[in-house]
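All remarks here apply to the structure that follows.
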Amino acid sequence: KIIWRKRTEREYAMKVIGITGGVGAGKTQVLSYIEEHYSCRVLRADEAAHLLEQPGQACYEQLVKLLGKDILQGEQIDKQKMAAVIFQDKEILAKINAVIHPAVKHYILEQIAYERERGAVDYFFIEAALLIEDRYDLIVDELWYVHSDIEVRRRRLAKGRQYSAEKIEAIMQGQLSEMEFRRHCNVVISNNGDLEETYRQIRELI
């Protein structure tokens with residue numbers, strides 16, 4: 001349970017920033033640089049979800065109930081088996097998202113409260129694909145959009161992740177348009193390949 005109270009001056013100083021962008025935009029590069037150079041905590045929603053899917057954690061029992069014990073490898077949820085079920089059944093996907101997304105958001109709120117109490121970092125960065133759709137604008141002080149041109153993103157995904165053209169297109173079609181990202185975000189970071197230019201933008205923002 002999160003107990004809200006009046007913050008100290010130090011706690012007010014910690015800024016909460018959401019990092020979002022389309023697949024292949026380079027959010028990992030941006031966050032790696034920030035982690036290395038600034039007093040911050042970075043929380044990636046995918047990593048939080050993985051934690052919450054472990055035995056004894058918030059989502060585990062509900063996911064096993066939804067998907068059945070065949071989804072388990074020993075006591076652990078087998079991610080590949082879960083993915084196979086999800087991609088075959090959109091109704092199951094919606095139910096799984098209804099379990100995981102609220103739990104991840106609650107966990108993030110707990111961690112923000114913890115870091116405010118601790119008062120040891122200047123920034124708290126949240127990285128998630130659905131920051132806009134899940135209304136993280138109500139949680140963060142600012143939303144930052146990491147932008148790369150579509151062709152740059154396609155090349156990165158084909159080379160770095162060995163995705164097929166069909167898979168890349170399917171993923172991109174399921175994400176927000178550039179117009180929507182720009183409409184909701186306070187800051188745009190251009191990341192088309194010149195990393196020093198990307199880092200310069202980050203330094204200027206910080």
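Identifiers in the structure tokens: chain A, B, ... in order shown; residue index from 1 per chain; ligand index from 1 in order shown.
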
- Query: Mind checking DSSP for segment 2-160 of chain A and telling me the strand (DSSP E or B) residues as a list of chain:residue names?
  - Reply: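 So, restricting segment 2-160 of chain A to strand (DSSP E or B), we get A:Lys15, A:Val16, A:Ile17, A:Gly18, A:Ile19, A:Thr20, A:Cys40, A:Arg41, A:Val42, A:Leu43, A:Arg44, A:Leu72, A:Gln73, A:Gln76, A:Ile77, A:Tyr123, A:Phe124, A:Phe125, A:Ile126, A:Glu127, A:Glu142, A:Leu143, A:Trp144, A:Tyr145, A:Val146, A:His147.
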
Residues from last step as file, N, CA and C atoms, as a PDB file, in the first residue's frame:
```pdb
ATOM      1  N   LYS A  15      12.864  14.289 -10.254  1.00  0.00           N
ATOM      2  CA  LYS A  15      11.967  14.436 -11.404  1.00  0.00           C
ATOM      3  C   LYS A  15      11.667  13.068 -11.997  1.00  0.00           C
ATOM      4  N   VAL A  16      10.400  12.825 -12.320  1.00  0.00           N
ATOM      5  CA  VAL A  16       9.974  11.551 -12.901  1.00  0.00           C
ATOM      6  C   VAL A  16       9.727  11.764 -14.393  1.00  0.00           C
ATOM      7  N   ILE A  17      10.437  10.985 -15.218  1.00  0.00           N
ATOM      8  CA  ILE A  17      10.386  11.169 -16.675  1.00  0.00           C
ATOM      9  C   ILE A  17      10.071   9.841 -17.351  1.00  0.00           C
ATOM     10  N   GLY A  18       9.113   9.859 -18.248  1.00  0.00           N
ATOM     11  CA  GLY A  18       8.775   8.680 -19.036  1.00  0.00           C
ATOM     12  C   GLY A  18       9.486   8.724 -20.376  1.00  0.00           C
ATOM     13  N   ILE A  19      10.048   7.589 -20.780  1.00  0.00           N
ATOM     14  CA  ILE A  19      10.744   7.471 -22.072  1.00  0.00           C
ATOM     15  C   ILE A  19       9.945   6.514 -22.948  1.00  0.00           C
ATOM     16  N   THR A  20       9.537   6.983 -24.126  1.00  0.00           N
ATOM     17  CA  THR A  20       8.776   6.119 -25.014  1.00  0.00           C
ATOM     18  C   THR A  20       9.242   6.323 -26.455  1.00  0.00           C
ATOM     19  N   CYS A  40      20.387   8.766 -11.184  1.00  0.00           N
ATOM     20  CA  CYS A  40      19.025   8.395 -11.577  1.00  0.00           C
ATOM     21  C   CYS A  40      18.726   6.931 -11.245  1.00  0.00           C
ATOM     22  N   ARG A  41      17.468   6.630 -11.283  1.00  0.00           N
ATOM     23  CA  ARG A  41      16.970   5.246 -11.252  1.00  0.00           C
ATOM     24  C   ARG A  41      16.212   5.040 -12.556  1.00  0.00           C
ATOM     25  N   VAL A  42      16.524   3.965 -13.253  1.00  0.00           N
ATOM     26  CA  VAL A  42      15.816   3.632 -14.492  1.00  0.00           C
ATOM     27  C   VAL A  42      15.011   2.358 -14.253  1.00  0.00           C
ATOM     28  N   LEU A  43      13.728   2.424 -14.530  1.00  0.00           N
ATOM     29  CA  LEU A  43      12.860   1.255 -14.373  1.00  0.00           C
ATOM     30  C   LEU A  43      12.222   0.946 -15.720  1.00  0.00           C
ATOM     31  N   ARG A  44      12.520  -0.231 -16.223  1.00  0.00           N
ATOM     32  CA  ARG A  44      11.957  -0.673 -17.506  1.00  0.00           C
ATOM     33  C   ARG A  44      10.730  -1.527 -17.240  1.00  0.00           C
ATOM     34  N   LEU A  72       3.948 -23.810 -17.561  1.00  0.00           N
ATOM     35  CA  LEU A  72       5.082 -23.803 -16.639  1.00  0.00           C
ATOM     36  C   LEU A  72       6.236 -24.677 -17.123  1.00  0.00           C
ATOM     37  N   GLN A  73       7.436 -24.221 -16.794  1.00  0.00           N
ATOM     38  CA  GLN A  73       8.652 -25.014 -16.951  1.00  0.00           C
ATOM     39  C   GLN A  73       9.217 -25.135 -15.540  1.00  0.00           C
ATOM     40  N   GLN A  76       8.562 -22.059 -12.990  1.00  0.00           N
ATOM     41  CA  GLN A  76       8.618 -20.789 -13.717  1.00  0.00           C
ATOM     42  C   GLN A  76       7.645 -20.775 -14.889  1.00  0.00           C
ATOM     43  N   ILE A  77       7.097 -19.578 -15.177  1.00  0.00           N
ATOM     44  CA  ILE A  77       6.296 -19.409 -16.394  1.00  0.00           C
ATOM     45  C   ILE A  77       7.254 -19.392 -17.579  1.00  0.00           C
ATOM     46  N   TYR A 123      16.735  11.845 -10.681  1.00  0.00           N
ATOM     47  CA  TYR A 123      15.768  11.524 -11.737  1.00  0.00           C
ATOM     48  C   TYR A 123      15.300  10.081 -11.599  1.00  0.00           C
ATOM     49  N   PHE A 124      14.036   9.863 -11.949  1.00  0.00           N
ATOM     50  CA  PHE A 124      13.471   8.519 -12.025  1.00  0.00           C
ATOM     51  C   PHE A 124      12.914   8.375 -13.437  1.00  0.00           C
ATOM     52  N   PHE A 125      13.541   7.491 -14.222  1.00  0.00           N
ATOM     53  CA  PHE A 125      13.120   7.288 -15.616  1.00  0.00           C
ATOM     54  C   PHE A 125      12.317   5.991 -15.734  1.00  0.00           C
ATOM     55  N   ILE A 126      11.189   6.078 -16.434  1.00  0.00           N
ATOM     56  CA  ILE A 126      10.351   4.910 -16.708  1.00  0.00           C
ATOM     57  C   ILE A 126      10.359   4.670 -18.207  1.00  0.00           C
ATOM     58  N   GLU A 127      10.700   3.451 -18.616  1.00  0.00           N
ATOM     59  CA  GLU A 127      10.666   3.103 -20.045  1.00  0.00           C
ATOM     60  C   GLU A 127       9.600   2.051 -20.273  1.00  0.00           C
ATOM     61  N   GLU A 142       7.335  14.580 -17.041  1.00  0.00           N
ATOM     62  CA  GLU A 142       7.508  14.820 -18.477  1.00  0.00           C
ATOM     63  C   GLU A 142       7.522  13.488 -19.217  1.00  0.00           C
ATOM     64  N   LEU A 143       7.072  13.525 -20.465  1.00  0.00           N
ATOM     65  CA  LEU A 143       7.195  12.387 -21.375  1.00  0.00           C
ATOM     66  C   LEU A 143       8.199  12.742 -22.464  1.00  0.00           C
ATOM     67  N   TRP A 144       9.207  11.883 -22.666  1.00  0.00           N
ATOM     68  CA  TRP A 144      10.196  12.069 -23.714  1.00  0.00           C
ATOM     69  C   TRP A 144       9.984  11.028 -24.810  1.00  0.00           C
ATOM     70  N   TYR A 145       9.961  11.501 -26.042  1.00  0.00           N
ATOM     71  CA  TYR A 145       9.785  10.628 -27.207  1.00  0.00           C
ATOM     72  C   TYR A 145      11.117  10.464 -27.926  1.00  0.00           C
ATOM     73  N   VAL A 146      11.602   9.233 -27.994  1.00  0.00           N
ATOM     74  CA  VAL A 146      12.810   8.937 -28.763  1.00  0.00           C
ATOM     75  C   VAL A 146      12.377   8.629 -30.192  1.00  0.00           C
ATOM     76  N   HIS A 147      12.801   9.481 -31.118  1.00  0.00           N
ATOM     77  CA  HIS A 147      12.366   9.361 -32.510  1.00  0.00           C
ATOM     78  C   HIS A 147      13.505   8.929 -33.422  1.00  0.00           C
TER      79      HIS A 147
END
```

Between segment 5-104 of chain A and segment 163-171 of chain A, at 12 Å or less, what are the per-residue closest atom pairs and their distances in Å? Count only C-alpha atoms, order by chain and rising residue number, and return it as a Markdown table.
```
| residue | atom | partner | partner_atom | distance |
| --- | --- | --- | --- | --- |
| A:Gly22 | CA | A:Ile171 | CA | 9.1 |
| A:Val23 | CA | A:Ile171 | CA | 7.6 |
| A:Gly24 | CA | A:Ile168 | CA | 9.4 |
```

Selected residues written out with all heavy atoms, as a compact mmCIF listing (two decimals), in the first residue's frame:
```txt
# COMPACT_ATOMS: atom_id res chain seq x y z
N GLY A 22 8.74 4.31 -30.76
CA GLY A 22 8.44 3.11 -31.51
C GLY A 22 9.55 2.08 -31.43
O GLY A 22 10.68 2.38 -31.03
N VAL A 23 9.22 0.86 -31.81
CA VAL A 23 10.20 -0.23 -31.80
C VAL A 23 11.38 0.14 -32.71
O VAL A 23 11.19 0.66 -33.80
CB VAL A 23 9.54 -1.56 -32.23
CG1 VAL A 23 9.03 -1.48 -33.68
CG2 VAL A 23 10.50 -2.73 -32.07
N GLY A 24 12.61 -0.08 -32.22
CA GLY A 24 13.79 0.22 -33.01
C GLY A 24 14.24 1.67 -32.96
O GLY A 24 15.19 2.06 -33.63
```

- Message: Between atom CA of Asp89 of chain A and atom CA of Gln173 of chain A, what is the distance in Å, rounded to a tenth?
- Response: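 Value for the atom CA of Asp89 of chain A-atom CA of Gln173 of chain A distance: 18.3 Å.
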
- Can you list, as number ranges by chain, all residues belonging to chain A that DSSP tags as alpha helix (DSSP H)? A: 9-13, 27-37, 45-52, 60-67, 79-88, 90-118, 150-160, 165-173, 178-184, 195-205

Within 12 Å of Arg203 of chain A using only C-alpha atoms, minus same-chain residues under 2 positions, as an mmCIF file with C-alpha atoms, in the first residue's frame:
```cif
data_model
loop_
_atom_site.group_PDB
_atom_site.id
_atom_site.type_symbol
_atom_site.label_atom_id
_atom_site.label_comp_id
_atom_site.auth_asym_id
_atom_site.auth_seq_id
_atom_site.Cartn_x
_atom_site.Cartn_y
_atom_site.Cartn_z
ATOM 1 C CA VAL A 30 19.334 6.675 -24.637
ATOM 2 C CA TYR A 33 23.766 6.828 -21.569
ATOM 3 C CA ILE A 34 21.528 8.403 -18.924
ATOM 4 C CA HIS A 37 26.159 9.749 -16.601
ATOM 5 C CA TYR A 38 23.424 10.932 -14.215
ATOM 6 C CA ILE A 189 14.999 13.260 -28.939
ATOM 7 C CA GLU A 196 27.101 11.926 -30.189
ATOM 8 C CA GLU A 197 24.297 14.145 -31.486
ATOM 9 C CA THR A 198 21.779 12.075 -29.492
ATOM 10 C CA TYR A 199 23.918 12.391 -26.364
ATOM 11 C CA ARG A 200 24.272 16.152 -26.917
ATOM 12 C CA GLN A 201 20.474 16.458 -26.864
ATOM 13 C CA LEU A 205 17.838 18.431 -21.602
ATOM 14 C CA ILE A 206 19.313 17.305 -18.294
#
```

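Proximity of A:Leu31, A:Ala113, A:Gly193, A:Val99 to Glu151 of chain A, computed with only C-alpha atoms, is greatest for A:Gly193.
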
- Item | Distance in Å - atom CA of Arg183 of chain A versus atom CA of Ile150 of chain A | 17.9 Å

Would you pick out the contacts of Gly68 of chain A at 12 Å or less, using only C-alpha atoms, so that residues sharing its chain but fewer than 5 positions from it are not included, and give the list as a compact mmCIF listing (two decimals) with C-alpha atoms, in the first residue's frame?
```txt
# COMPACT_ATOMS: atom_id res chain seq x y z
CA TYR A 60 1.97 -15.35 -11.07
CA GLU A 61 -1.14 -17.12 -9.77
CA GLN A 62 -3.52 -15.20 -12.04
CA LEU A 63 -1.44 -15.98 -15.14
CA GLN A 73 8.65 -25.01 -16.95
CA ILE A 77 6.30 -19.41 -16.39
CA ASP A 78 7.83 -20.34 -19.75
CA LYS A 81 4.96 -20.99 -24.27
CA MET A 82 3.10 -17.94 -23.00
CA VAL A 85 -0.68 -18.88 -26.55
CA ILE A 92 -6.45 -14.27 -23.84
```

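Counting only C-alpha atoms, the residue from A:Ala129, A:Leu157, A:Leu138, A:Val188 that sits nearest to Gly174 of chain A is A:Ala129.
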
- Message: Show me, as a list of chain:residue names, the residues that have an atom within 7 Å of segment 45-53 of chain A when counting only C-alpha atoms, minus same-chain residues fewer than 5 positions from it.
- Response: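 Counting only C-alpha atoms, the residues come to A:Ala58, A:Cys59, A:Tyr60, A:Ile100, A:Val104, A:Glu127, A:Ala128.
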
- Please, what distance in Å, to one decimal, runs between atom CA of Ser190 of chain A and atom CA of Ser148 of chain A?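 Interatomic distance, atom CA of Ser190 of chain A to atom CA of Ser148 of chain A: 6.1 Å.
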
- Which one of A:Glu110, A:Asp194, A:Glu91, A:Glu75 sits closest to Val152 of chain A if you count only C-alpha atoms? A:Asp194

- Task: Tell me which of A:Leu195, A:Lys79, A:Ile139, A:Lys65 sits closest to His106 of chain A, counting only C-alpha atoms.
- Result: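 Going through A:Leu195, A:Lys79, A:Ile139, A:Lys65 one by one, the smallest distance to His106 of chain A is for A:Ile139.
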
- Using only C-alpha atoms, which of A:Arg135, A:Asp70, A:Arg118, A:Ala94 sits nearest His184 of chain A?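 That would be A:Arg135, the residue with the smallest distance to His184 of chain A.
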